[in-house]
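Shown here: model_30.cif, mmCIF, N, CA and C atoms.
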data_query
loop_
_atom_site.label_atom_id
_atom_site.label_comp_id
_atom_site.auth_asym_id
_atom_site.auth_seq_id
_atom_site.Cartn_x
_atom_site.Cartn_y
_atom_site.Cartn_z
N MET A 10 -46.70 22.64 13.13
CA MET A 10 -46.71 23.65 12.09
C MET A 10 -45.78 23.21 10.96
N LEU A 11 -46.26 23.32 9.74
CA LEU A 11 -45.42 23.03 8.59
C LEU A 11 -44.53 24.23 8.32
N THR A 12 -43.25 23.99 8.07
CA THR A 12 -42.29 25.09 7.97
C THR A 12 -41.71 25.32 6.59
N ARG A 13 -41.80 24.34 5.70
CA ARG A 13 -41.18 24.50 4.38
C ARG A 13 -41.62 23.36 3.48
N ILE A 14 -41.34 23.50 2.19
CA ILE A 14 -41.37 22.35 1.30
C ILE A 14 -40.03 21.67 1.49
N ASP A 15 -40.04 20.48 2.09
CA ASP A 15 -38.80 19.75 2.34
C ASP A 15 -38.25 19.20 1.04
N HIS A 16 -39.10 18.51 0.28
CA HIS A 16 -38.66 18.00 -1.01
C HIS A 16 -39.85 17.66 -1.89
N ILE A 17 -39.54 17.50 -3.16
CA ILE A 17 -40.48 16.96 -4.12
C ILE A 17 -39.88 15.66 -4.60
N GLY A 18 -40.63 14.57 -4.46
CA GLY A 18 -40.16 13.25 -4.87
C GLY A 18 -40.50 12.99 -6.32
N ILE A 19 -39.51 12.56 -7.09
CA ILE A 19 -39.67 12.29 -8.51
C ILE A 19 -39.28 10.83 -8.76
N ALA A 20 -40.22 10.05 -9.25
CA ALA A 20 -39.96 8.65 -9.56
C ALA A 20 -39.31 8.55 -10.94
N CYS A 21 -38.29 7.69 -11.03
CA CYS A 21 -37.58 7.54 -12.31
C CYS A 21 -37.18 6.08 -12.52
N PHE A 22 -36.97 5.72 -13.78
CA PHE A 22 -36.55 4.36 -14.11
C PHE A 22 -35.04 4.18 -13.95
N ASP A 23 -34.26 5.24 -14.20
CA ASP A 23 -32.80 5.16 -14.18
C ASP A 23 -32.26 6.34 -13.37
N LEU A 24 -31.88 6.07 -12.12
CA LEU A 24 -31.44 7.14 -11.23
C LEU A 24 -30.22 7.88 -11.78
N ASP A 25 -29.23 7.16 -12.24
CA ASP A 25 -28.01 7.81 -12.72
C ASP A 25 -28.29 8.74 -13.90
N LYS A 26 -29.10 8.29 -14.83
CA LYS A 26 -29.46 9.10 -16.00
C LYS A 26 -30.26 10.33 -15.57
N THR A 27 -31.16 10.16 -14.61
CA THR A 27 -31.98 11.28 -14.15
C THR A 27 -31.14 12.28 -13.37
N VAL A 28 -30.22 11.81 -12.54
CA VAL A 28 -29.30 12.71 -11.83
C VAL A 28 -28.50 13.53 -12.84
N GLU A 29 -28.00 12.87 -13.87
CA GLU A 29 -27.21 13.58 -14.88
C GLU A 29 -28.04 14.65 -15.59
N PHE A 30 -29.31 14.37 -15.86
CA PHE A 30 -30.18 15.39 -16.47
C PHE A 30 -30.27 16.62 -15.57
N TYR A 31 -30.55 16.43 -14.29
CA TYR A 31 -30.69 17.57 -13.38
C TYR A 31 -29.36 18.31 -13.18
N ARG A 32 -28.26 17.59 -13.23
CA ARG A 32 -26.94 18.21 -13.12
C ARG A 32 -26.65 19.05 -14.38
N ALA A 33 -26.81 18.44 -15.55
CA ALA A 33 -26.48 19.11 -16.81
C ALA A 33 -27.44 20.25 -17.13
N THR A 34 -28.71 20.07 -16.82
CA THR A 34 -29.72 21.07 -17.18
C THR A 34 -29.81 22.22 -16.19
N TYR A 35 -29.78 21.92 -14.90
CA TYR A 35 -30.01 22.94 -13.87
C TYR A 35 -28.82 23.20 -12.97
N GLY A 36 -27.80 22.37 -13.05
CA GLY A 36 -26.63 22.54 -12.20
C GLY A 36 -26.79 21.99 -10.80
N PHE A 37 -27.84 21.19 -10.56
CA PHE A 37 -28.07 20.62 -9.23
C PHE A 37 -27.11 19.45 -9.02
N GLU A 38 -26.54 19.37 -7.82
CA GLU A 38 -25.61 18.30 -7.48
C GLU A 38 -26.22 17.40 -6.40
N VAL A 39 -25.77 16.17 -6.36
CA VAL A 39 -26.23 15.23 -5.35
C VAL A 39 -25.67 15.65 -4.00
N PHE A 40 -26.56 15.87 -3.06
CA PHE A 40 -26.18 16.20 -1.69
C PHE A 40 -26.03 14.93 -0.86
N HIS A 41 -26.90 13.95 -1.15
CA HIS A 41 -26.92 12.70 -0.38
C HIS A 41 -27.53 11.62 -1.26
N SER A 42 -27.03 10.40 -1.13
CA SER A 42 -27.64 9.26 -1.81
C SER A 42 -27.65 8.07 -0.87
N GLU A 43 -28.63 7.21 -1.05
CA GLU A 43 -28.74 6.01 -0.21
C GLU A 43 -29.70 5.03 -0.84
N VAL A 44 -29.66 3.80 -0.32
CA VAL A 44 -30.66 2.79 -0.65
C VAL A 44 -31.51 2.60 0.60
N ASN A 45 -32.82 2.71 0.43
CA ASN A 45 -33.76 2.48 1.53
C ASN A 45 -34.39 1.12 1.27
N GLU A 46 -33.85 0.11 1.94
CA GLU A 46 -34.33 -1.27 1.74
C GLU A 46 -35.80 -1.43 2.11
N GLU A 47 -36.22 -0.78 3.20
CA GLU A 47 -37.62 -0.91 3.65
C GLU A 47 -38.59 -0.43 2.57
N GLN A 48 -38.25 0.68 1.90
CA GLN A 48 -39.13 1.23 0.88
C GLN A 48 -38.80 0.70 -0.52
N GLY A 49 -37.71 -0.03 -0.66
CA GLY A 49 -37.36 -0.62 -1.94
C GLY A 49 -36.95 0.40 -2.99
N VAL A 50 -36.17 1.41 -2.57
CA VAL A 50 -35.73 2.44 -3.52
C VAL A 50 -34.26 2.78 -3.32
N ARG A 51 -33.68 3.22 -4.42
CA ARG A 51 -32.37 3.87 -4.42
C ARG A 51 -32.68 5.33 -4.71
N GLU A 52 -32.07 6.23 -3.93
CA GLU A 52 -32.47 7.63 -4.07
C GLU A 52 -31.28 8.56 -4.04
N ALA A 53 -31.51 9.73 -4.62
CA ALA A 53 -30.54 10.82 -4.58
C ALA A 53 -31.28 12.08 -4.18
N MET A 54 -30.72 12.79 -3.22
CA MET A 54 -31.28 14.07 -2.79
C MET A 54 -30.44 15.18 -3.42
N LEU A 55 -31.08 16.03 -4.22
CA LEU A 55 -30.42 17.16 -4.85
C LEU A 55 -30.83 18.41 -4.10
N LYS A 56 -29.88 19.07 -3.46
CA LYS A 56 -30.20 20.25 -2.64
C LYS A 56 -30.45 21.45 -3.55
N ILE A 57 -31.58 22.09 -3.32
CA ILE A 57 -31.95 23.27 -4.10
C ILE A 57 -31.53 24.53 -3.36
N ASN A 58 -31.88 24.62 -2.09
CA ASN A 58 -31.53 25.80 -1.30
C ASN A 58 -31.69 25.54 0.19
N ASP A 59 -31.06 26.40 0.99
CA ASP A 59 -31.28 26.39 2.43
C ASP A 59 -32.57 27.14 2.72
N THR A 60 -33.18 26.87 3.87
CA THR A 60 -34.41 27.55 4.24
C THR A 60 -34.23 28.31 5.55
N SER A 61 -35.13 29.23 5.81
CA SER A 61 -35.00 30.12 6.96
C SER A 61 -35.13 29.41 8.30
N ASP A 62 -35.67 28.18 8.31
CA ASP A 62 -35.82 27.44 9.57
C ASP A 62 -34.63 26.53 9.85
N GLY A 63 -33.55 26.68 9.09
CA GLY A 63 -32.37 25.87 9.30
C GLY A 63 -32.36 24.58 8.49
N GLY A 64 -33.43 24.31 7.77
CA GLY A 64 -33.51 23.13 6.92
C GLY A 64 -33.08 23.45 5.51
N ALA A 65 -33.58 22.68 4.57
CA ALA A 65 -33.28 22.87 3.16
C ALA A 65 -34.43 22.33 2.33
N SER A 66 -34.41 22.66 1.06
CA SER A 66 -35.36 22.10 0.10
C SER A 66 -34.58 21.28 -0.92
N TYR A 67 -35.15 20.13 -1.29
CA TYR A 67 -34.47 19.18 -2.16
C TYR A 67 -35.42 18.68 -3.26
N LEU A 68 -34.82 18.12 -4.30
CA LEU A 68 -35.51 17.20 -5.19
C LEU A 68 -35.04 15.82 -4.76
N GLN A 69 -35.95 14.90 -4.59
CA GLN A 69 -35.62 13.53 -4.24
C GLN A 69 -35.92 12.66 -5.45
N LEU A 70 -34.89 12.09 -6.04
CA LEU A 70 -35.06 11.20 -7.18
C LEU A 70 -35.10 9.77 -6.67
N LEU A 71 -36.10 9.01 -7.11
CA LEU A 71 -36.36 7.67 -6.59
C LEU A 71 -36.39 6.64 -7.70
N GLU A 72 -35.53 5.63 -7.60
CA GLU A 72 -35.53 4.51 -8.53
C GLU A 72 -35.84 3.25 -7.73
N PRO A 73 -36.82 2.46 -8.15
CA PRO A 73 -37.14 1.25 -7.40
C PRO A 73 -36.01 0.22 -7.49
N THR A 74 -35.83 -0.53 -6.40
CA THR A 74 -34.84 -1.60 -6.38
C THR A 74 -35.49 -2.97 -6.48
N ARG A 75 -36.81 -2.99 -6.38
CA ARG A 75 -37.53 -4.26 -6.53
C ARG A 75 -38.93 -3.97 -7.09
N GLU A 76 -39.47 -4.95 -7.80
CA GLU A 76 -40.73 -4.78 -8.51
C GLU A 76 -41.94 -4.61 -7.60
N ASP A 77 -41.86 -5.06 -6.36
CA ASP A 77 -43.00 -4.97 -5.46
C ASP A 77 -43.00 -3.68 -4.62
N SER A 78 -42.05 -2.79 -4.86
CA SER A 78 -42.01 -1.54 -4.09
C SER A 78 -43.13 -0.60 -4.56
N THR A 79 -43.53 0.29 -3.68
CA THR A 79 -44.57 1.26 -4.00
C THR A 79 -44.17 2.11 -5.20
N VAL A 80 -42.91 2.52 -5.26
CA VAL A 80 -42.46 3.37 -6.37
C VAL A 80 -42.48 2.59 -7.68
N ALA A 81 -42.09 1.30 -7.67
CA ALA A 81 -42.13 0.49 -8.89
C ALA A 81 -43.56 0.36 -9.41
N LYS A 82 -44.49 0.12 -8.51
CA LYS A 82 -45.90 0.01 -8.90
C LYS A 82 -46.41 1.33 -9.45
N TRP A 83 -46.00 2.44 -8.82
CA TRP A 83 -46.42 3.76 -9.28
C TRP A 83 -45.87 4.03 -10.67
N LEU A 84 -44.58 3.71 -10.90
CA LEU A 84 -43.97 3.91 -12.22
C LEU A 84 -44.67 3.08 -13.29
N ALA A 85 -45.02 1.84 -12.97
CA ALA A 85 -45.70 0.98 -13.93
C ALA A 85 -47.05 1.56 -14.35
N LYS A 86 -47.70 2.22 -13.43
CA LYS A 86 -49.02 2.80 -13.71
C LYS A 86 -48.93 4.18 -14.35
N ASN A 87 -47.98 5.01 -13.89
CA ASN A 87 -47.96 6.43 -14.27
C ASN A 87 -46.77 6.86 -15.12
N GLY A 88 -45.70 6.07 -15.14
CA GLY A 88 -44.48 6.51 -15.81
C GLY A 88 -43.72 7.48 -14.92
N GLU A 89 -42.61 7.99 -15.44
CA GLU A 89 -41.77 8.89 -14.65
C GLU A 89 -42.49 10.21 -14.37
N GLY A 90 -42.15 10.79 -13.23
CA GLY A 90 -42.72 12.10 -12.91
C GLY A 90 -42.83 12.34 -11.42
N VAL A 91 -43.52 13.42 -11.07
CA VAL A 91 -43.68 13.80 -9.68
C VAL A 91 -44.48 12.72 -8.95
N HIS A 92 -43.90 12.19 -7.89
CA HIS A 92 -44.50 11.12 -7.11
C HIS A 92 -45.18 11.67 -5.86
N HIS A 93 -44.52 12.63 -5.17
CA HIS A 93 -45.10 13.19 -3.94
C HIS A 93 -44.46 14.54 -3.62
N ILE A 94 -45.10 15.24 -2.70
CA ILE A 94 -44.56 16.47 -2.14
C ILE A 94 -44.41 16.25 -0.64
N ALA A 95 -43.32 16.78 -0.09
CA ALA A 95 -43.05 16.59 1.34
C ALA A 95 -42.93 17.94 2.02
N PHE A 96 -43.62 18.09 3.13
CA PHE A 96 -43.55 19.30 3.95
C PHE A 96 -42.74 19.03 5.20
N GLY A 97 -41.87 19.96 5.54
CA GLY A 97 -41.07 19.85 6.74
C GLY A 97 -41.84 20.32 7.96
N THR A 98 -41.57 19.68 9.09
CA THR A 98 -42.17 20.05 10.37
C THR A 98 -41.20 19.70 11.49
N ALA A 99 -41.23 20.45 12.55
CA ALA A 99 -40.36 20.17 13.70
C ALA A 99 -40.79 18.89 14.44
N ASP A 100 -42.06 18.49 14.30
CA ASP A 100 -42.58 17.35 15.05
C ASP A 100 -43.57 16.56 14.20
N VAL A 101 -43.09 15.57 13.48
CA VAL A 101 -43.94 14.79 12.58
C VAL A 101 -45.06 14.08 13.34
N ASP A 102 -44.80 13.63 14.57
CA ASP A 102 -45.83 12.92 15.34
C ASP A 102 -47.03 13.83 15.63
N THR A 103 -46.75 15.02 16.15
CA THR A 103 -47.81 15.97 16.49
C THR A 103 -48.54 16.46 15.24
N GLU A 104 -47.78 16.77 14.20
CA GLU A 104 -48.38 17.26 12.96
C GLU A 104 -49.29 16.20 12.34
N ALA A 105 -48.84 14.96 12.32
CA ALA A 105 -49.66 13.88 11.76
C ALA A 105 -50.94 13.69 12.58
N ALA A 106 -50.83 13.74 13.89
CA ALA A 106 -52.01 13.59 14.75
C ALA A 106 -53.00 14.73 14.53
N ASP A 107 -52.49 15.95 14.41
CA ASP A 107 -53.37 17.12 14.17
C ASP A 107 -54.09 16.99 12.83
N ILE A 108 -53.37 16.56 11.81
CA ILE A 108 -53.97 16.42 10.49
C ILE A 108 -54.98 15.26 10.48
N LYS A 109 -54.65 14.18 11.17
CA LYS A 109 -55.57 13.05 11.28
C LYS A 109 -56.87 13.49 11.94
N ASP A 110 -56.77 14.34 12.96
CA ASP A 110 -57.96 14.86 13.65
C ASP A 110 -58.85 15.68 12.72
N LYS A 111 -58.30 16.15 11.62
CA LYS A 111 -59.06 16.93 10.62
C LYS A 111 -59.67 16.03 9.56
N GLY A 112 -59.53 14.70 9.72
CA GLY A 112 -60.18 13.76 8.82
C GLY A 112 -59.32 13.26 7.67
N VAL A 113 -58.03 13.54 7.69
CA VAL A 113 -57.12 13.07 6.64
C VAL A 113 -56.47 11.77 7.11
N ARG A 114 -56.49 10.76 6.26
CA ARG A 114 -55.88 9.48 6.62
C ARG A 114 -54.36 9.58 6.60
N VAL A 115 -53.75 9.12 7.69
CA VAL A 115 -52.29 9.04 7.81
C VAL A 115 -51.93 7.58 7.52
N LEU A 116 -50.98 7.36 6.61
CA LEU A 116 -50.72 6.01 6.14
C LEU A 116 -49.90 5.14 7.09
N TYR A 117 -49.09 5.73 7.95
CA TYR A 117 -48.30 4.95 8.91
C TYR A 117 -48.78 5.28 10.32
N GLU A 118 -49.01 4.25 11.14
CA GLU A 118 -49.41 4.51 12.53
C GLU A 118 -48.30 5.19 13.30
N GLU A 119 -47.06 4.81 13.02
CA GLU A 119 -45.89 5.43 13.64
C GLU A 119 -44.97 5.90 12.53
N PRO A 120 -44.38 7.08 12.64
CA PRO A 120 -43.44 7.53 11.61
C PRO A 120 -42.32 6.52 11.40
N ARG A 121 -41.82 6.49 10.17
CA ARG A 121 -40.73 5.58 9.79
C ARG A 121 -39.47 6.37 9.48
N ARG A 122 -38.38 5.65 9.28
CA ARG A 122 -37.12 6.28 8.91
C ARG A 122 -37.19 6.67 7.44
N GLY A 123 -36.79 7.91 7.15
CA GLY A 123 -36.73 8.40 5.79
C GLY A 123 -35.31 8.76 5.40
N SER A 124 -35.16 9.51 4.35
CA SER A 124 -33.85 9.93 3.84
C SER A 124 -33.06 10.68 4.90
N MET A 125 -31.76 10.45 4.91
CA MET A 125 -30.82 11.17 5.76
C MET A 125 -31.17 11.10 7.24
N GLY A 126 -31.80 9.98 7.65
CA GLY A 126 -32.14 9.80 9.06
C GLY A 126 -33.38 10.54 9.53
N SER A 127 -34.16 11.05 8.59
CA SER A 127 -35.38 11.79 8.97
C SER A 127 -36.45 10.83 9.48
N ARG A 128 -37.51 11.41 10.05
CA ARG A 128 -38.70 10.66 10.46
C ARG A 128 -39.83 11.12 9.57
N ILE A 129 -40.56 10.17 8.99
CA ILE A 129 -41.57 10.50 7.98
C ILE A 129 -42.87 9.75 8.19
N THR A 130 -43.92 10.31 7.61
CA THR A 130 -45.18 9.60 7.40
C THR A 130 -45.81 10.19 6.15
N PHE A 131 -46.81 9.49 5.62
CA PHE A 131 -47.50 9.95 4.42
C PHE A 131 -48.99 10.14 4.71
N LEU A 132 -49.60 11.03 3.94
CA LEU A 132 -51.03 11.28 3.99
C LEU A 132 -51.66 10.70 2.73
N HIS A 133 -52.84 10.14 2.87
CA HIS A 133 -53.50 9.48 1.74
C HIS A 133 -53.80 10.48 0.63
N PRO A 134 -53.41 10.17 -0.61
CA PRO A 134 -53.64 11.12 -1.71
C PRO A 134 -55.12 11.41 -1.97
N LYS A 135 -55.99 10.45 -1.71
CA LYS A 135 -57.42 10.70 -1.95
C LYS A 135 -57.97 11.76 -0.99
N ASP A 136 -57.30 11.95 0.15
CA ASP A 136 -57.73 12.97 1.11
C ASP A 136 -57.02 14.31 0.88
N CYS A 137 -56.05 14.31 -0.05
CA CYS A 137 -55.22 15.51 -0.31
C CYS A 137 -55.33 15.93 -1.77
N HIS A 138 -56.53 15.83 -2.33
CA HIS A 138 -56.81 16.25 -3.71
C HIS A 138 -55.89 15.60 -4.72
N GLY A 139 -55.62 14.30 -4.53
CA GLY A 139 -54.84 13.52 -5.48
C GLY A 139 -53.35 13.60 -5.31
N VAL A 140 -52.86 14.27 -4.27
CA VAL A 140 -51.43 14.45 -4.08
C VAL A 140 -50.96 13.60 -2.90
N LEU A 141 -50.06 12.64 -3.16
CA LEU A 141 -49.42 11.92 -2.08
C LEU A 141 -48.56 12.92 -1.32
N THR A 142 -48.81 13.07 -0.04
CA THR A 142 -48.15 14.09 0.77
C THR A 142 -47.37 13.44 1.90
N GLU A 143 -46.14 13.87 2.06
CA GLU A 143 -45.26 13.34 3.09
C GLU A 143 -45.01 14.43 4.12
N LEU A 144 -44.93 14.03 5.37
CA LEU A 144 -44.52 14.92 6.46
C LEU A 144 -43.15 14.46 6.92
N VAL A 145 -42.22 15.41 7.11
CA VAL A 145 -40.83 15.08 7.40
C VAL A 145 -40.32 15.89 8.58
N THR A 146 -39.72 15.22 9.54
CA THR A 146 -38.89 15.87 10.55
C THR A 146 -37.47 15.47 10.23
N SER A 147 -36.68 16.45 9.81
CA SER A 147 -35.30 16.19 9.38
C SER A 147 -34.41 15.90 10.57
N ALA A 148 -33.44 15.03 10.34
CA ALA A 148 -32.36 14.82 11.31
C ALA A 148 -31.33 15.91 11.06
N ALA A 149 -30.52 16.20 12.04
CA ALA A 149 -29.46 17.19 11.86
C ALA A 149 -28.50 16.68 10.78
N VAL A 150 -28.20 17.55 9.81
CA VAL A 150 -27.28 17.20 8.74
C VAL A 150 -26.15 18.20 8.78
N GLU A 151 -24.94 17.70 9.09
CA GLU A 151 -23.80 18.60 9.22
C GLU A 151 -22.99 18.71 7.95
N SER A 152 -22.90 17.64 7.18
CA SER A 152 -22.13 17.68 5.95
C SER A 152 -22.69 16.69 4.96
N PRO A 153 -22.46 16.91 3.65
CA PRO A 153 -22.98 16.00 2.65
C PRO A 153 -22.42 14.59 2.82
N GLU A 154 -23.28 13.60 2.54
CA GLU A 154 -22.88 12.20 2.49
C GLU A 154 -23.13 11.70 1.09
N HIS A 155 -22.26 10.91 0.59
CA HIS A 155 -22.50 10.34 -0.76
C HIS A 155 -22.35 8.86 -0.71
#
Translate this file's structure into structure tokens.
Amino acid sequence: MLTRIDHIGIACFDLDKTVEFYRATYGFEVFHSEVNEEQGVREAMLKINDTSDGGASYLQLLEPTREDSTVAKWLAKNGEGVHHIAFGTADVDTEAADIKDKGVRVLYEEPRRGSMGSRITFLHPKDCHGVLTELVTSAAVESPEH
């Protein structure tokens, strides 16, 4: 069962400049930042609010660290903007299998490591009305990391 909007991923050319925009304009602060070498991105998670299931909702700002990363290719084609939407679930494996049984292509055979130690997979955008969709099982987060 999907429990919340975990985050909205926004691709950007300059992470620091984009973080400053969200801080100055909306008052959002960086809750967590990291470099994900596997995905070739530097990212910042801006916490928007806590959710009733014990999780939270975030904006995830993504800057590519190499030209061959998926986000770099997406930016080259589309420019800055919304890259994907992520839904939270208690069990990404079961949720992905259930959705796959409904005819939606799941992009990873096994979930991978995502932000803040989460487990993630993606659904093909052509099967989701043009929206790249991520499924996320969050790891326990006790305090902000920077």
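Compared by their closest atoms to Val140 (chain A), and using all atoms listed in the file, the residues A:His41, A:Tyr117, A:Ile94, A:Cys21 rank with A:Ile94 nearest.
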| field | Contacts of Glu118 (chain A) within 8 Å, all atoms listed in the file, excl. fewer than 3 positions in-chain, as a PyMOL selection string | value | chain A and resi 115+121+130-131
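What the PyMOL selection byres ((chain A and resi 48) around 7) matches in the given file is Asn45, Glu46, Glu47, Gly49, Val50, Arg51, Thr74, Ser78, Thr79 and Val80 of chain A.
What separates atom C of Ala105 (chain A) from atom C of Leu144 (chain A) is a distance of 9.7 Å.
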| What residues have an atom no more than 8 Å from (-50.1, 8.6, -0.6) in the file's own frame, counting only N, CA and C atoms, and can you write them as an NGL selection string? | :A and (92-93 or 116 or 131-136 or 139-143)
Final all heavy atoms of region 52-61 of chain A as a PDB file, in the frame of the given file:
ATOM      1  N   GLU A  52     -32.070   6.230  -3.930  1.00  0.00           N
ATOM      2  CA  GLU A  52     -32.470   7.630  -4.070  1.00  0.00           C
ATOM      3  C   GLU A  52     -31.280   8.560  -4.040  1.00  0.00           C
ATOM      4  O   GLU A  52     -30.212   8.230  -3.533  1.00  0.00           O
ATOM      5  CB  GLU A  52     -33.433   8.017  -2.963  1.00  0.00           C
ATOM      6  CG  GLU A  52     -32.835   7.929  -1.579  1.00  0.00           C
ATOM      7  CD  GLU A  52     -33.822   8.312  -0.504  1.00  0.00           C
ATOM      8  OE1 GLU A  52     -34.660   7.457  -0.149  1.00  0.00           O
ATOM      9  OE2 GLU A  52     -33.751   9.455  -0.033  1.00  0.00           O
ATOM     10  N   ALA A  53     -31.510   9.730  -4.620  1.00  0.00           N
ATOM     11  CA  ALA A  53     -30.540  10.820  -4.580  1.00  0.00           C
ATOM     12  C   ALA A  53     -31.280  12.080  -4.180  1.00  0.00           C
ATOM     13  O   ALA A  53     -32.351  12.375  -4.711  1.00  0.00           O
ATOM     14  CB  ALA A  53     -29.872  11.003  -5.937  1.00  0.00           C
ATOM     15  N   MET A  54     -30.720  12.790  -3.220  1.00  0.00           N
ATOM     16  CA  MET A  54     -31.280  14.070  -2.790  1.00  0.00           C
ATOM     17  C   MET A  54     -30.440  15.180  -3.420  1.00  0.00           C
ATOM     18  O   MET A  54     -29.229  15.266  -3.189  1.00  0.00           O
ATOM     19  CB  MET A  54     -31.257  14.197  -1.271  1.00  0.00           C
ATOM     20  CG  MET A  54     -32.107  13.170  -0.545  1.00  0.00           C
ATOM     21  SD  MET A  54     -33.877  13.335  -0.836  1.00  0.00           S
ATOM     22  CE  MET A  54     -34.299  14.576   0.366  1.00  0.00           C
ATOM     23  N   LEU A  55     -31.080  16.030  -4.220  1.00  0.00           N
ATOM     24  CA  LEU A  55     -30.420  17.160  -4.850  1.00  0.00           C
ATOM     25  C   LEU A  55     -30.830  18.410  -4.100  1.00  0.00           C
ATOM     26  O   LEU A  55     -32.011  18.777  -4.095  1.00  0.00           O
ATOM     27  CB  LEU A  55     -30.819  17.270  -6.325  1.00  0.00           C
ATOM     28  CG  LEU A  55     -30.714  15.989  -7.158  1.00  0.00           C
ATOM     29  CD1 LEU A  55     -31.177  16.246  -8.584  1.00  0.00           C
ATOM     30  CD2 LEU A  55     -29.311  15.437  -7.139  1.00  0.00           C
ATOM     31  N   LYS A  56     -29.880  19.070  -3.460  1.00  0.00           N
ATOM     32  CA  LYS A  56     -30.200  20.250  -2.640  1.00  0.00           C
ATOM     33  C   LYS A  56     -30.450  21.450  -3.550  1.00  0.00           C
ATOM     34  O   LYS A  56     -29.641  21.771  -4.408  1.00  0.00           O
ATOM     35  CB  LYS A  56     -29.062  20.549  -1.672  1.00  0.00           C
ATOM     36  CG  LYS A  56     -29.390  21.634  -0.676  1.00  0.00           C
ATOM     37  CD  LYS A  56     -28.260  21.765   0.332  1.00  0.00           C
ATOM     38  CE  LYS A  56     -28.563  22.808   1.380  1.00  0.00           C
ATOM     39  NZ  LYS A  56     -27.460  22.890   2.350  1.00  0.00           N
ATOM     40  N   ILE A  57     -31.580  22.090  -3.320  1.00  0.00           N
ATOM     41  CA  ILE A  57     -31.950  23.270  -4.100  1.00  0.00           C
ATOM     42  C   ILE A  57     -31.530  24.530  -3.360  1.00  0.00           C
ATOM     43  O   ILE A  57     -30.909  25.420  -3.927  1.00  0.00           O
ATOM     44  CB  ILE A  57     -33.473  23.296  -4.383  1.00  0.00           C
ATOM     45  CG1 ILE A  57     -33.928  21.970  -5.014  1.00  0.00           C
ATOM     46  CG2 ILE A  57     -33.834  24.488  -5.233  1.00  0.00           C
ATOM     47  CD1 ILE A  57     -33.187  21.565  -6.265  1.00  0.00           C
ATOM     48  N   ASN A  58     -31.880  24.620  -2.090  1.00  0.00           N
ATOM     49  CA  ASN A  58     -31.530  25.800  -1.300  1.00  0.00           C
ATOM     50  C   ASN A  58     -31.690  25.540   0.190  1.00  0.00           C
ATOM     51  O   ASN A  58     -32.369  24.605   0.589  1.00  0.00           O
ATOM     52  CB  ASN A  58     -32.383  27.007  -1.715  1.00  0.00           C
ATOM     53  CG  ASN A  58     -33.841  26.815  -1.376  1.00  0.00           C
ATOM     54  OD1 ASN A  58     -34.483  25.888  -1.851  1.00  0.00           O
ATOM     55  ND2 ASN A  58     -34.379  27.677  -0.544  1.00  0.00           N
ATOM     56  N   ASP A  59     -31.060  26.400   0.990  1.00  0.00           N
ATOM     57  CA  ASP A  59     -31.280  26.390   2.430  1.00  0.00           C
ATOM     58  C   ASP A  59     -32.570  27.140   2.720  1.00  0.00           C
ATOM     59  O   ASP A  59     -33.017  27.960   1.904  1.00  0.00           O
ATOM     60  CB  ASP A  59     -30.108  27.053   3.154  1.00  0.00           C
ATOM     61  CG  ASP A  59     -28.830  26.231   3.022  1.00  0.00           C
ATOM     62  OD1 ASP A  59     -28.876  25.022   3.261  1.00  0.00           O
ATOM     63  OD2 ASP A  59     -27.795  26.830   2.676  1.00  0.00           O
ATOM     64  N   THR A  60     -33.180  26.870   3.870  1.00  0.00           N
ATOM     65  CA  THR A  60     -34.410  27.550   4.240  1.00  0.00           C
ATOM     66  C   THR A  60     -34.230  28.310   5.550  1.00  0.00           C
ATOM     67  O   THR A  60     -33.306  28.055   6.315  1.00  0.00           O
ATOM     68  CB  THR A  60     -35.571  26.533   4.373  1.00  0.00           C
ATOM     69  OG1 THR A  60     -35.237  25.567   5.365  1.00  0.00           O
ATOM     70  CG2 THR A  60     -35.842  25.839   3.048  1.00  0.00           C
ATOM     71  N   SER A  61     -35.130  29.230   5.810  1.00  0.00           N
ATOM     72  CA  SER A  61     -35.000  30.120   6.960  1.00  0.00           C
ATOM     73  C   SER A  61     -35.130  29.410   8.300  1.00  0.00           C
ATOM     74  O   SER A  61     -34.718  29.943   9.328  1.00  0.00           O
ATOM     75  CB  SER A  61     -36.042  31.239   6.879  1.00  0.00           C
ATOM     76  OG  SER A  61     -37.348  30.704   6.918  1.00  0.00           O
TER      77      SER A  61
END
